[in-house]
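What follows is one structure encoded as structure tokens, with my remarks underneath.
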Amino acid sequence: MAKVEKKGSVSEELLREFFREMLLIRRFEEKVEERFRAGELPGFLHVAIGQEACAVGVCRALEEGDVIASTHRAHGHTLAKGTHPNEVMAELYGKLEGTSHGYGGSMHLYDVERGNLGANAVVGGGLPATVGAALAFKMRDEPRVAVAFFGDGATNIGTFHESLNLAQLWQVPAVFVCENNHWAESTPAKQQLPIEDLTERAAAYGMPAMHVDGQEIEEVYASAVAALDHARGGRGPVFLLLETYRLTGHYVGDPQVYRPKGELQELRETQDPITKLREKLELSDEEFEQADREAHELVEASVEFAKAGTDPRPEDALKNLYA
Amino acid sequence: MAKVEKKGSVSEELLREFFREMLLIRRFEEKVEERFRAGELPGFLHVAIGQEACAVGVCRALEEGDVIASTHRAHGHTLAKGTHPNEVMAELYGKLEGTSHGYGGSMHLYDVERGNLGANAVVGGGLPATVGAALAFKMRDEPRVAVAFFGDGATNIGTFHESLNLAQLWQVPAVFVCENNHWAESTPAKQQLPIEDLTERAAAYGMPAMHVDGQEIEEVYASAVAALDHARGGRGPVFLLLETYRLTGHYVGDPQVYRPKGELQELRETQDPITKLREKLELSDEEFEQADREAHELVEASVEFAKAGTDPRPEDALKNLYA
Amino acid sequence: MGGGDMPELSYREAVRDALSQAMRRDGDVFIMGEDIAEMGGSMGVTQGMLDEFGPERVRNTPISEMALVGTAIGAAIQGMRPVAEVMYEDFLTLAAEQIVNQAAKHRYMSGGQLKVPLTIRTQGGAGWSPGAQHAQQLEAWFVHIPGLKVLFPSTPTDVRGLLWSAIYDDNPVVFFEHRTLYGLKEDVPDELEPIPIGKARVHRDGEDVTVIATGRLVHESLAAAGQAEEDGVSVEVVDPRTLQPLDEETIVDSVKKTNRAVVAHEAVTRMGFGAEVAAVIQHQAFDWLDAPVERVGAKFVPLPFAPVMEEFVVPHQAEVYEAIMRTVGRNGD
Amino acid sequence: MGGGDMPELSYREAVRDALSQAMRRDGDVFIMGEDIAEMGGSMGVTQGMLDEFGPERVRNTPISEMALVGTAIGAAIQGMRPVAEVMYEDFLTLAAEQIVNQAAKHRYMSGGQLKVPLTIRTQGGAGWSPGAQHAQQLEAWFVHIPGLKVLFPSTPTDVRGLLWSAIYDDNPVVFFEHRTLYGLKEDVPDELEPIPIGKARVHRDGEDVTVIATGRLVHESLAAAGQAEEDGVSVEVVDPRTLQPLDEETIVDSVKKTNRAVVAHEAVTRMGFGAEVAAVIQHQAFDWLDAPVERVGAKFVPLPFAPVMEEFVVPHQAEVYEAIMRTVGRNGD
Ligand SMILES: Cc1ncc(C[n+]2csc(CCOP(=O)(O)OP(=O)(O)O)c2C)c(N)n1
Ligand SMILES: Cc1ncc(C[n+]2csc(CCOP(=O)(O)OP(=O)(O)O)c2C)c(N)n1
Ligand SMILES: [Mg+2]
Ligand SMILES: [Mg+2]
């Protein structure tokens, strides 16, 4: 099986950018939780607090023209792929200014212009289309890569198996990013996964895999660069396994009765990717607060933007069905 | 991952029985081909000429109470599981005396009383139910094993993945018998399988696997005994990979335009499990001819039985839908 | 939960009660599904059941709808009575092969050798802005498949009694619940009374129009009937409860009395269950009909996210009321 | 195959011709499916195409219907025009999630940002005793799903012209072929003429009854119409060809002329496409109908294996004829 190796290190300047982006995502999602509690947000919401390094590390490694497919836990991926917080927030409020114009909602954030092929509320649902996008790139000889995000839980569904098999068989330029946050909704690994090392799932298709600490953005970024490189170079797909943690409930409002006592507390203290990066960068309180202020401002502005947005007319529902 | 080891050898007497059974299946299927050409048999027919050692080796290793699920290529499994040739042939002729009373046909041979839960015309379709049968055995603490037969092609479908995952997770007494005959219809391995060693597909679930020459019935039988033992002993499922050959077309009547010239000829000369066993047993021509005569007689009788059988009345079609 | 006095149960509790009572009575009954154990299901239906019955009988499954349903099929054939939960009915599409080609056909293909006493519970529906992949109503699909029974109860009493009957039916049953009904409360009889599969329920007698409604639309239709009454129109409301087998007699008899019919459901109108009901009525009550059968259902789009659009797409009391008035309006022409 | 004079084409050749012409013209068009390459497909439809177009554009896939359809969806969104073949329509159940939740909804859920110019070809039908898992007709399912188009042509000319339109339509199209029609031959125009999606075809004019039929039943209905003519009954036969969008106008206008209607298809009658057509007709032509709309379809069982039973289950000319006579028979009462 081919080996994919990480190379190089990341400049401090870039890391600082990553930091600001991760913080923005965090503050955005905290705001989502808050606005949900205030009863302002309809629908089912899933935040990815704790998984920011995965979203930013992978998306920042992408090149112009690369595309992603996301999941029910999509805010971070969408922001990291370049959609403005205003548009994401407006979507959560169901406004025409939203990134899916109010038709999608939190679980269906699309931004095709920016290469975001859409979040998917069906676990595993976006994987085959990722293979298909990559196939199109390959058939047209375009140096582009298609990236699918998905969780540990998704590795149990048939779609995953069929998609990875086909991707490897056809050697398409795709990267499969598994964010293993150790829970599928309320179901822990031991109730859903008979193996510990999920890279064995890639081995079943002969697909090269990388196994990385998803809380260390430098690691994530470097491996993503390598994986994308591999795929772009015509050497076929890569399985990129990121070990990460969901430092919150499955959905916003989840009482998490199933979580062992203390787990969340401990993880929040030891596995926060933002804290980790802050420490690594040795940010002064002042630097941190400045970044935080900027993030808060953007997020506040996004809420204002969203609230001031236009509600669709009821009969707009009849549009956008057929091309 | 747990290891499953073969033990013991097979008595010559037993091997002779196996021989007679394999020969019966061969003659039965040759007759099916002949009767198809004569225009007597409706429906889609798939024979397993070349794969007899798999069917007999596994089914003879079963104990009373064990169950199997078969595929579109089901005659051998069904005969080996104990259904009389008369009933199988009558089914192919669509008669009430058929093992599925004319409702099923070649791709849906059932014999529930004898533990045959049915052939399945959907590739992979019978795997989940095999897990379910095994789950029932486990929940009721019955020392029974459920066995699924399927082909190499079936390892590409989502059902396979989901079923093996669940079986291993729940440690149910199931054995997954993959008859790798190196073709899925017209599709060779290199067009469907990005790996060479299919046991890696079991490793993706932490399931112990055995890899065996499916043309050597002694091997097949001994491994099946070991696999069943393992499962029956509460140690979870086993993936039993049998390397075998389809010494004929995919379906009866298949012109096999896709087969490399000479492949079939060569395989027939080198990989016939019946020839192999005959040589191993050093059967005299006389012994062979006697066995052959008996097989022919049984098969002829089955055709007579079938032809003399009762056609269902048209309105019988309205029966047997709901319990 | 279960046992003792229970003057009032919610639809959610009623489902739980039927499951629990069956599991207490009978070791062959067990439940399986995604997140049904510690979490008690995404809708809280099975809360507390893990504690009472343990993880062997309240089985969390990995995310694999095909295997989950298929495993239940296999266990059912071996004489268990599994109840498999598919978290959202949109995901029935993932298990469709197993439901349609396996569960529905095993008995028939085997010439009657086996039975598949399986219940597949699922839920769905608009009303919470879950978006297009978590809200569609697909009951019509399964009505088209011989070998299945299809149930869709709309009240706590019905859901409890029909779930019981589904569990003890020897055939595969696809059992639809509607998400917005889980909180609905009703006095139910102390004793769980099984409700026969195939019997419609007449919720309200009337003389001028019959509304045949399912799921959430039963309640919208009852409200519309009340509204119509104020206009002097007397509406009979019938809930088939069982879509397959269908109690054609009750429906047709009602229409022969009222001479007008409206069919109402939340699913998309086109090719929805109402098409079948309309086709049956126009055929069997042709000479009695004073107006065409009106169909009320969702507009022909997926469920949009924004609440104003979602609200517009699926039918409510107003649409049923208007349909009622269209049928009686024809008299005036 | 392709090119030159072609006075007569079989239905099979017509499909191949549309595919080949589109692939010759347009590098974005490609086909994928199980065993479509060397073998030319299980029905021989794509025979010879591998030689002409090579393995990149005539793609054999592993047995994985979900990924096969889903991959085509992804390629379509990127601007290709894939034609995915699902070998038997029974296996659409395996790809149902991708068809229903993905292909049909991407455009809508994104608020119109993308399009999915995908064609899913499949085939099925009774007649060859393939048994219950290789013969059912499932077109009604997809008519119920907003976002899809559903086509079911019944003649060589129609299948060629409509497949062309499907390939060049910017939406996902589920394209049904009927196995027993592949050998059917017909003179077709030299030049491939695209047939607009959404236009029914009137096969035969008549005055007394309209038969709306699809697939194989078009031919059975034409035969029944001939038979009825001998009894002095004049039958109009309409093939919608496109089930979604449905040419309601042509159908309703015809019924307004004849005052009677029969709907005929091979799928199970209950919840079959005929239910929708009957519901539409009784609604839009209520005052014109002199008899209830009759439905002709398969009896409510899976397809049994034994030929005598299979024959009994699915409808033929006789059933259509009888239905025609029932509608005119009512006059006499
Ligand atoms: C096919 C399918 N089954 C079930 C669900 C319900 N569901 C939504 S998210 C989720 C857990 C997903 O776990 P994982 O893939 O690990 O992603 P995570 O939520 O941890 O990010 C489940 C079961 C779904 N959306 N789709
Ligand atoms: C889900 C599904 N897809 C496609 C088919 C058509 N088909 C029948 S057998 C077959 C090949 C199966 O290959 P394999 O599993 O290796 O079994 P073998 O035929 O070699 O015994 C195919 C594609 C099918 N029956 N079911
Ligand atoms: Mg997870
Ligand atoms: Mg094979």
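Going by the structure tokens order, chains are called A, B, ..., each with residues numbered from 1, while ligands are numbered from 1 in the order shown.
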Checklist entry - Could you pull out all residues of segment 32-277 of chain B with a DSSP call of strand (DSSP E) and give them as a count of residues only? => result 36
Next on the checklist: ligand 4: which residues are within 9 Å, counting only C-alpha atoms and all ligand atoms? Reply as a count of residues only.
Outcome noted: 20
Item to check | Counting only C-alpha atoms, the option among C:Asn60, C:Gln113, C:Thr258, C:Thr214 closest to chain B | outcome: C:Gln113
Long-range neighbours of segment 127-140 of chain A as a short mmCIF file (atom, residue, chain, number, x, y, z; two decimals) with all heavy atoms, in the first residue's frame, 9 Å cut-off, only C-alpha atoms, 6 positions minimum in chain:
```cif
data_model
loop_
_atom_site.label_atom_id
_atom_site.label_comp_id
_atom_site.auth_asym_id
_atom_site.auth_seq_id
_atom_site.Cartn_x
_atom_site.Cartn_y
_atom_site.Cartn_z
N VAL A 67 -12.94 20.85 -3.81
CA VAL A 67 -14.31 20.90 -3.28
C VAL A 67 -14.43 20.04 -2.02
O VAL A 67 -13.66 19.10 -1.82
CB VAL A 67 -15.34 20.42 -4.33
CG1 VAL A 67 -15.32 21.33 -5.56
CG2 VAL A 67 -15.10 18.97 -4.72
N ILE A 68 -15.41 20.39 -1.21
CA ILE A 68 -15.67 19.57 -0.02
C ILE A 68 -17.15 19.17 0.02
O ILE A 68 -18.02 19.82 -0.55
CB ILE A 68 -15.35 20.32 1.29
CG1 ILE A 68 -16.29 21.54 1.48
CG2 ILE A 68 -13.89 20.77 1.34
CD1 ILE A 68 -16.29 22.08 2.92
N ALA A 69 -17.39 18.08 0.73
CA ALA A 69 -18.75 17.70 1.11
C ALA A 69 -18.74 17.55 2.62
O ALA A 69 -17.81 16.96 3.18
CB ALA A 69 -19.15 16.39 0.45
N LEU A 117 -19.84 21.68 -1.66
CA LEU A 117 -20.92 20.96 -2.36
C LEU A 117 -22.07 20.61 -1.45
O LEU A 117 -23.00 19.92 -1.85
CB LEU A 117 -20.37 19.69 -3.00
CG LEU A 117 -19.30 19.94 -4.05
CD1 LEU A 117 -18.79 18.63 -4.59
CD2 LEU A 117 -19.87 20.80 -5.17
N ALA A 146 -11.36 16.30 -4.46
CA ALA A 146 -12.64 16.35 -3.74
C ALA A 146 -12.44 15.74 -2.36
O ALA A 146 -11.83 14.67 -2.22
CB ALA A 146 -13.70 15.58 -4.51
N VAL A 147 -12.95 16.43 -1.37
CA VAL A 147 -12.73 16.03 0.02
C VAL A 147 -14.07 15.78 0.70
O VAL A 147 -14.98 16.61 0.62
CB VAL A 147 -11.97 17.14 0.78
CG1 VAL A 147 -11.87 16.81 2.27
CG2 VAL A 147 -10.59 17.35 0.17
N ALA A 148 -14.19 14.63 1.35
CA ALA A 148 -15.40 14.35 2.13
C ALA A 148 -15.06 14.37 3.61
O ALA A 148 -14.10 13.72 4.04
CB ALA A 148 -15.96 12.98 1.76
N PHE A 149 -15.84 15.09 4.37
CA PHE A 149 -15.78 15.01 5.83
C PHE A 149 -16.84 14.03 6.30
O PHE A 149 -17.94 13.97 5.75
CB PHE A 149 -16.06 16.38 6.45
CG PHE A 149 -14.98 17.39 6.28
CD1 PHE A 149 -15.05 18.35 5.28
CD2 PHE A 149 -13.88 17.39 7.14
CE1 PHE A 149 -14.04 19.30 5.13
CE2 PHE A 149 -12.88 18.34 7.00
CZ PHE A 149 -12.95 19.30 5.99
N PHE A 150 -16.53 13.31 7.35
CA PHE A 150 -17.52 12.43 7.97
C PHE A 150 -17.00 11.99 9.33
O PHE A 150 -15.82 12.19 9.64
CB PHE A 150 -17.84 11.22 7.08
CG PHE A 150 -16.60 10.45 6.69
CD1 PHE A 150 -16.19 9.36 7.42
CD2 PHE A 150 -15.85 10.85 5.59
CE1 PHE A 150 -15.04 8.66 7.06
CE2 PHE A 150 -14.69 10.16 5.24
CZ PHE A 150 -14.29 9.06 5.98
N THR A 159 -22.65 2.99 2.57
CA THR A 159 -22.21 4.02 1.63
C THR A 159 -20.71 4.29 1.75
O THR A 159 -20.04 4.54 0.75
CB THR A 159 -22.97 5.34 1.93
OG1 THR A 159 -24.21 5.03 2.54
CG2 THR A 159 -23.18 6.13 0.69
N PHE A 160 -20.22 4.28 2.97
CA PHE A 160 -18.79 4.49 3.22
C PHE A 160 -17.98 3.42 2.50
O PHE A 160 -17.03 3.71 1.77
CB PHE A 160 -18.54 4.43 4.74
CG PHE A 160 -17.10 4.29 5.14
CD1 PHE A 160 -16.28 5.41 5.25
CD2 PHE A 160 -16.55 3.05 5.42
CE1 PHE A 160 -14.95 5.30 5.62
CE2 PHE A 160 -15.22 2.92 5.79
CZ PHE A 160 -14.42 4.05 5.90
N GLU A 162 -18.83 1.31 0.08
CA GLU A 162 -18.92 1.32 -1.38
C GLU A 162 -18.14 2.49 -1.98
O GLU A 162 -17.53 2.36 -3.05
CB GLU A 162 -20.40 1.41 -1.81
CG GLU A 162 -21.20 0.18 -1.42
CD GLU A 162 -22.59 0.16 -2.03
OE1 GLU A 162 -22.91 1.05 -2.84
OE2 GLU A 162 -23.36 -0.77 -1.72
N SER A 163 -18.16 3.62 -1.29
CA SER A 163 -17.50 4.80 -1.83
C SER A 163 -15.99 4.66 -1.80
O SER A 163 -15.29 4.99 -2.77
CB SER A 163 -17.92 6.04 -1.04
OG SER A 163 -19.31 6.21 -1.10
N LEU A 164 -15.46 4.19 -0.69
CA LEU A 164 -14.00 4.05 -0.60
C LEU A 164 -13.50 3.00 -1.59
O LEU A 164 -12.45 3.16 -2.22
CB LEU A 164 -13.56 3.69 0.83
CG LEU A 164 -13.19 4.93 1.66
CD1 LEU A 164 -14.40 5.73 2.04
CD2 LEU A 164 -12.35 4.56 2.87
N LEU A 166 -14.80 2.18 -4.45
CA LEU A 166 -14.84 2.71 -5.80
C LEU A 166 -13.73 3.75 -6.01
O LEU A 166 -13.08 3.79 -7.06
CB LEU A 166 -16.22 3.32 -6.06
CG LEU A 166 -16.65 3.43 -7.50
CD1 LEU A 166 -16.61 2.06 -8.18
CD2 LEU A 166 -18.07 3.99 -7.59
N ALA A 167 -13.54 4.57 -5.02
CA ALA A 167 -12.53 5.63 -5.13
C ALA A 167 -11.14 5.03 -5.34
O ALA A 167 -10.36 5.48 -6.20
CB ALA A 167 -12.54 6.50 -3.88
N TRP A 170 -10.83 3.19 -8.78
CA TRP A 170 -10.72 4.11 -9.92
C TRP A 170 -9.63 5.15 -9.72
O TRP A 170 -9.45 6.01 -10.58
CB TRP A 170 -12.08 4.78 -10.18
CG TRP A 170 -13.07 3.82 -10.78
CD1 TRP A 170 -12.83 2.54 -11.19
CD2 TRP A 170 -14.46 4.07 -11.05
NE1 TRP A 170 -13.99 1.98 -11.69
CE2 TRP A 170 -15.00 2.90 -11.62
CE3 TRP A 170 -15.29 5.17 -10.86
CZ2 TRP A 170 -16.33 2.78 -12.00
CZ3 TRP A 170 -16.63 5.06 -11.24
CH2 TRP A 170 -17.14 3.88 -11.80
N GLN A 171 -8.97 5.09 -8.59
CA GLN A 171 -7.84 6.00 -8.33
C GLN A 171 -8.20 7.45 -8.56
O GLN A 171 -7.48 8.20 -9.25
CB GLN A 171 -6.64 5.58 -9.22
CG GLN A 171 -6.04 4.25 -8.82
CD GLN A 171 -5.18 4.38 -7.57
OE1 GLN A 171 -4.15 5.03 -7.57
NE2 GLN A 171 -5.65 3.79 -6.47
N VAL A 172 -9.31 7.85 -7.99
CA VAL A 172 -9.74 9.24 -8.18
C VAL A 172 -9.09 10.14 -7.14
O VAL A 172 -8.74 9.69 -6.05
CB VAL A 172 -11.28 9.38 -8.13
CG1 VAL A 172 -11.94 8.54 -9.21
CG2 VAL A 172 -11.82 9.00 -6.75
N PRO A 173 -8.96 11.41 -7.46
CA PRO A 173 -8.35 12.35 -6.52
C PRO A 173 -9.33 12.77 -5.43
O PRO A 173 -9.96 13.82 -5.53
CB PRO A 173 -7.96 13.53 -7.41
CG PRO A 173 -8.92 13.48 -8.55
CD PRO A 173 -9.26 12.03 -8.75
N ALA A 174 -9.44 11.95 -4.41
CA ALA A 174 -10.34 12.25 -3.29
C ALA A 174 -9.60 12.05 -1.99
O ALA A 174 -8.70 11.22 -1.89
CB ALA A 174 -11.56 11.33 -3.34
N VAL A 175 -9.98 12.83 -1.00
CA VAL A 175 -9.45 12.62 0.36
C VAL A 175 -10.65 12.43 1.29
O VAL A 175 -11.59 13.22 1.27
CB VAL A 175 -8.57 13.80 0.81
CG1 VAL A 175 -8.15 13.62 2.27
CG2 VAL A 175 -7.34 13.92 -0.09
N PHE A 176 -10.59 11.35 2.04
CA PHE A 176 -11.68 11.02 2.97
C PHE A 176 -11.24 11.38 4.37
O PHE A 176 -10.36 10.74 4.93
CB PHE A 176 -12.01 9.53 2.86
CG PHE A 176 -12.55 9.16 1.51
CD1 PHE A 176 -11.70 8.65 0.51
CD2 PHE A 176 -13.89 9.35 1.21
CE1 PHE A 176 -12.21 8.34 -0.74
CE2 PHE A 176 -14.39 9.03 -0.04
CZ PHE A 176 -13.55 8.53 -1.02
N GLY A 234 -2.31 12.27 -8.86
CA GLY A 234 -2.75 11.10 -9.62
C GLY A 234 -2.42 9.78 -8.95
O GLY A 234 -2.45 8.72 -9.58
N ASP D 28 -18.87 15.01 -22.31
CA ASP D 28 -19.35 14.97 -20.93
C ASP D 28 -20.26 13.78 -20.66
O ASP D 28 -20.54 13.47 -19.50
CB ASP D 28 -20.12 16.26 -20.59
CG ASP D 28 -19.21 17.46 -20.52
OD1 ASP D 28 -18.00 17.25 -20.28
OD2 ASP D 28 -19.70 18.58 -20.71
N GLU D 56 -12.90 4.25 -20.09
CA GLU D 56 -13.09 5.46 -19.28
C GLU D 56 -14.53 5.97 -19.38
O GLU D 56 -15.04 6.56 -18.45
CB GLU D 56 -12.15 6.58 -19.77
CG GLU D 56 -10.71 6.43 -19.37
CD GLU D 56 -10.51 6.66 -17.88
OE1 GLU D 56 -10.93 7.70 -17.37
OE2 GLU D 56 -9.93 5.76 -17.23
N ARG D 57 -15.13 5.73 -20.53
CA ARG D 57 -16.48 6.27 -20.75
C ARG D 57 -17.54 5.18 -20.75
O ARG D 57 -18.74 5.49 -20.82
CB ARG D 57 -16.51 7.08 -22.05
CG ARG D 57 -15.57 8.29 -21.99
CD ARG D 57 -15.61 9.10 -23.25
NE ARG D 57 -16.91 9.75 -23.42
CZ ARG D 57 -17.39 10.11 -24.61
NH1 ARG D 57 -16.69 9.87 -25.72
NH2 ARG D 57 -18.56 10.70 -24.69
N MET D 66 -25.49 1.86 -4.52
CA MET D 66 -25.48 3.17 -3.86
C MET D 66 -24.36 4.04 -4.39
O MET D 66 -24.57 5.20 -4.75
CB MET D 66 -25.22 2.97 -2.36
CG MET D 66 -26.43 3.11 -1.51
SD MET D 66 -26.01 3.00 0.26
CE MET D 66 -25.35 1.36 0.41
N ALA D 67 -23.17 3.48 -4.41
CA ALA D 67 -22.01 4.26 -4.83
C ALA D 67 -22.07 4.54 -6.33
O ALA D 67 -21.63 5.59 -6.79
CB ALA D 67 -20.72 3.52 -4.49
N LEU D 68 -22.61 3.60 -7.06
CA LEU D 68 -22.69 3.78 -8.50
C LEU D 68 -23.60 4.97 -8.85
O LEU D 68 -23.21 5.88 -9.58
CB LEU D 68 -23.17 2.45 -9.10
CG LEU D 68 -24.16 2.28 -10.23
CD1 LEU D 68 -23.75 3.00 -11.49
CD2 LEU D 68 -24.28 0.80 -10.53
N VAL D 69 -24.76 5.00 -8.24
CA VAL D 69 -25.66 6.12 -8.48
C VAL D 69 -25.09 7.40 -7.85
O VAL D 69 -25.11 8.47 -8.47
CB VAL D 69 -27.07 5.82 -7.94
CG1 VAL D 69 -27.94 7.07 -7.95
CG2 VAL D 69 -27.72 4.71 -8.76
N GLY D 70 -24.56 7.26 -6.64
CA GLY D 70 -24.05 8.44 -5.95
C GLY D 70 -22.86 9.06 -6.65
O GLY D 70 -22.70 10.29 -6.68
N THR D 71 -22.01 8.23 -7.20
CA THR D 71 -20.87 8.74 -7.95
C THR D 71 -21.35 9.50 -9.19
O THR D 71 -20.82 10.57 -9.52
CB THR D 71 -19.95 7.57 -8.36
OG1 THR D 71 -19.49 6.93 -7.17
CG2 THR D 71 -18.76 8.06 -9.14
N ALA D 72 -22.35 8.96 -9.82
CA ALA D 72 -22.90 9.65 -10.98
C ALA D 72 -23.48 11.01 -10.57
O ALA D 72 -23.35 11.99 -11.30
CB ALA D 72 -23.96 8.77 -11.65
N ILE D 73 -24.08 11.06 -9.41
CA ILE D 73 -24.61 12.34 -8.91
C ILE D 73 -23.47 13.36 -8.79
O ILE D 73 -23.58 14.50 -9.25
CB ILE D 73 -25.30 12.15 -7.54
CG1 ILE D 73 -26.57 11.31 -7.68
CG2 ILE D 73 -25.62 13.51 -6.89
CD1 ILE D 73 -27.18 10.87 -6.34
N GLY D 74 -22.38 12.92 -8.17
CA GLY D 74 -21.25 13.83 -7.97
C GLY D 74 -20.67 14.31 -9.29
O GLY D 74 -20.32 15.48 -9.45
N ALA D 75 -20.54 13.40 -10.23
CA ALA D 75 -20.00 13.77 -11.54
C ALA D 75 -20.96 14.73 -12.25
O ALA D 75 -20.53 15.69 -12.91
CB ALA D 75 -19.75 12.52 -12.38
N ALA D 76 -22.25 14.48 -12.10
CA ALA D 76 -23.25 15.34 -12.74
C ALA D 76 -23.17 16.76 -12.18
O ALA D 76 -23.23 17.74 -12.94
CB ALA D 76 -24.66 14.77 -12.54
N ILE D 77 -23.03 16.86 -10.88
CA ILE D 77 -22.96 18.20 -10.28
C ILE D 77 -21.73 18.95 -10.82
O ILE D 77 -21.74 20.17 -10.95
CB ILE D 77 -22.92 18.08 -8.73
CG1 ILE D 77 -24.26 17.56 -8.23
CG2 ILE D 77 -22.61 19.44 -8.08
CD1 ILE D 77 -24.29 17.24 -6.74
N GLN D 78 -20.69 18.20 -11.17
CA GLN D 78 -19.49 18.83 -11.74
C GLN D 78 -19.62 19.05 -13.25
O GLN D 78 -18.61 19.32 -13.92
CB GLN D 78 -18.25 17.98 -11.45
CG GLN D 78 -17.87 17.94 -9.98
CD GLN D 78 -17.68 19.32 -9.37
OE1 GLN D 78 -17.13 20.21 -10.02
NE2 GLN D 78 -18.16 19.51 -8.15
N GLY D 79 -20.81 18.86 -13.78
CA GLY D 79 -21.01 19.24 -15.17
C GLY D 79 -20.92 18.10 -16.18
O GLY D 79 -21.06 18.33 -17.37
N MET D 80 -20.67 16.89 -15.70
CA MET D 80 -20.74 15.77 -16.62
C MET D 80 -22.22 15.40 -16.83
O MET D 80 -23.10 15.90 -16.11
CB MET D 80 -19.99 14.55 -16.04
CG MET D 80 -18.56 14.82 -15.62
SD MET D 80 -17.42 15.17 -16.98
CE MET D 80 -17.17 13.53 -17.67
N GLN D 98 -29.73 7.55 -2.26
CA GLN D 98 -29.02 8.49 -3.13
C GLN D 98 -29.96 9.16 -4.12
O GLN D 98 -29.81 10.33 -4.43
CB GLN D 98 -27.87 7.77 -3.87
CG GLN D 98 -26.70 7.40 -2.95
CD GLN D 98 -25.93 8.61 -2.45
OE1 GLN D 98 -25.62 9.50 -3.21
NE2 GLN D 98 -25.64 8.65 -1.16
N GLN D 102 -30.62 12.59 -2.16
CA GLN D 102 -29.49 13.34 -2.72
C GLN D 102 -29.86 13.92 -4.09
O GLN D 102 -30.04 15.10 -4.23
CB GLN D 102 -28.25 12.44 -2.82
CG GLN D 102 -27.89 11.69 -1.52
CD GLN D 102 -27.49 12.59 -0.37
OE1 GLN D 102 -27.00 13.69 -0.58
NE2 GLN D 102 -27.69 12.13 0.86
#
```
Checklist entry - Counting only C-alpha atoms, which residues from chain A have an atom at most 7 Å from any atom of chain B, and could you show them as number ranges by chain? => result A: 156-159, 161-162, 165, 168-169, 192-195, 200-201, 203-206
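The gap separating atom CA of Ala306 of chain D from atom CA of Gly102 of chain B is 5.2 Å, in Å to one decimal.
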Checklist entry - Within 8 Å of chain D, which residues of chain B show up when using only C-alpha atoms, listed as an MDAnalysis selection string? => result chainID B and resid 42:44 93:95 102:105 107:108 121:123 153:154 156:158 185:187 191:193 256:258 311:318 321
Next on the checklist: Can you work out which residues from chain C touch chain D at a cut-off of 9 Å (counting only C-alpha atoms) and hand them back as a VMD selection string?
Outcome noted: chain C and resid 90 to 98 100 to 102 104 to 105 108 to 109 131 to 133 138 140 to 147 267 to 280 282 to 287 291 to 295 300 to 305
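Non-sequential neighbours of Leu19 of chain D (distance at most 10 Å, separation of 6 or more positions within a chain, only C-alpha atoms) are Gly2, Glu13, Val29, Phe30, Ile31, Val45, Thr46, Met49, Val83, Arg160, Leu163, Trp164 and Ile167 of chain D.
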Item to check | Which of segment 147-217 of chain C DSSP labels helix (DSSP H, G or I), written as JSON, numbers by chain | outcome: {"C": [156, 157, 158, 159, 160, 161, 162, 163, 164, 165, 166, 167, 168, 179, 180, 181, 216, 217]}
Checklist entry - Quick one: distance from atom CA of Glu29 of chain B to atom CA of Gly76 of chain B in Å, one decimal? => result 8.3 Å
Item to check | Pick from C:Val15, C:Met87, C:Thr180, C:Met23 nearest to ligand 1, counting only C-alpha atoms and all ligand atoms | outcome: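 Once distances to ligand 1 are computed over only C-alpha atoms and all ligand atoms, the minimum belongs to C:Met87.
Of the listed residues (B:Leu79, B:Met89, B:Val10, B:Leu242), B:Leu242 comes nearest to ligand 2; the distances count only C-alpha atoms and all ligand atoms.
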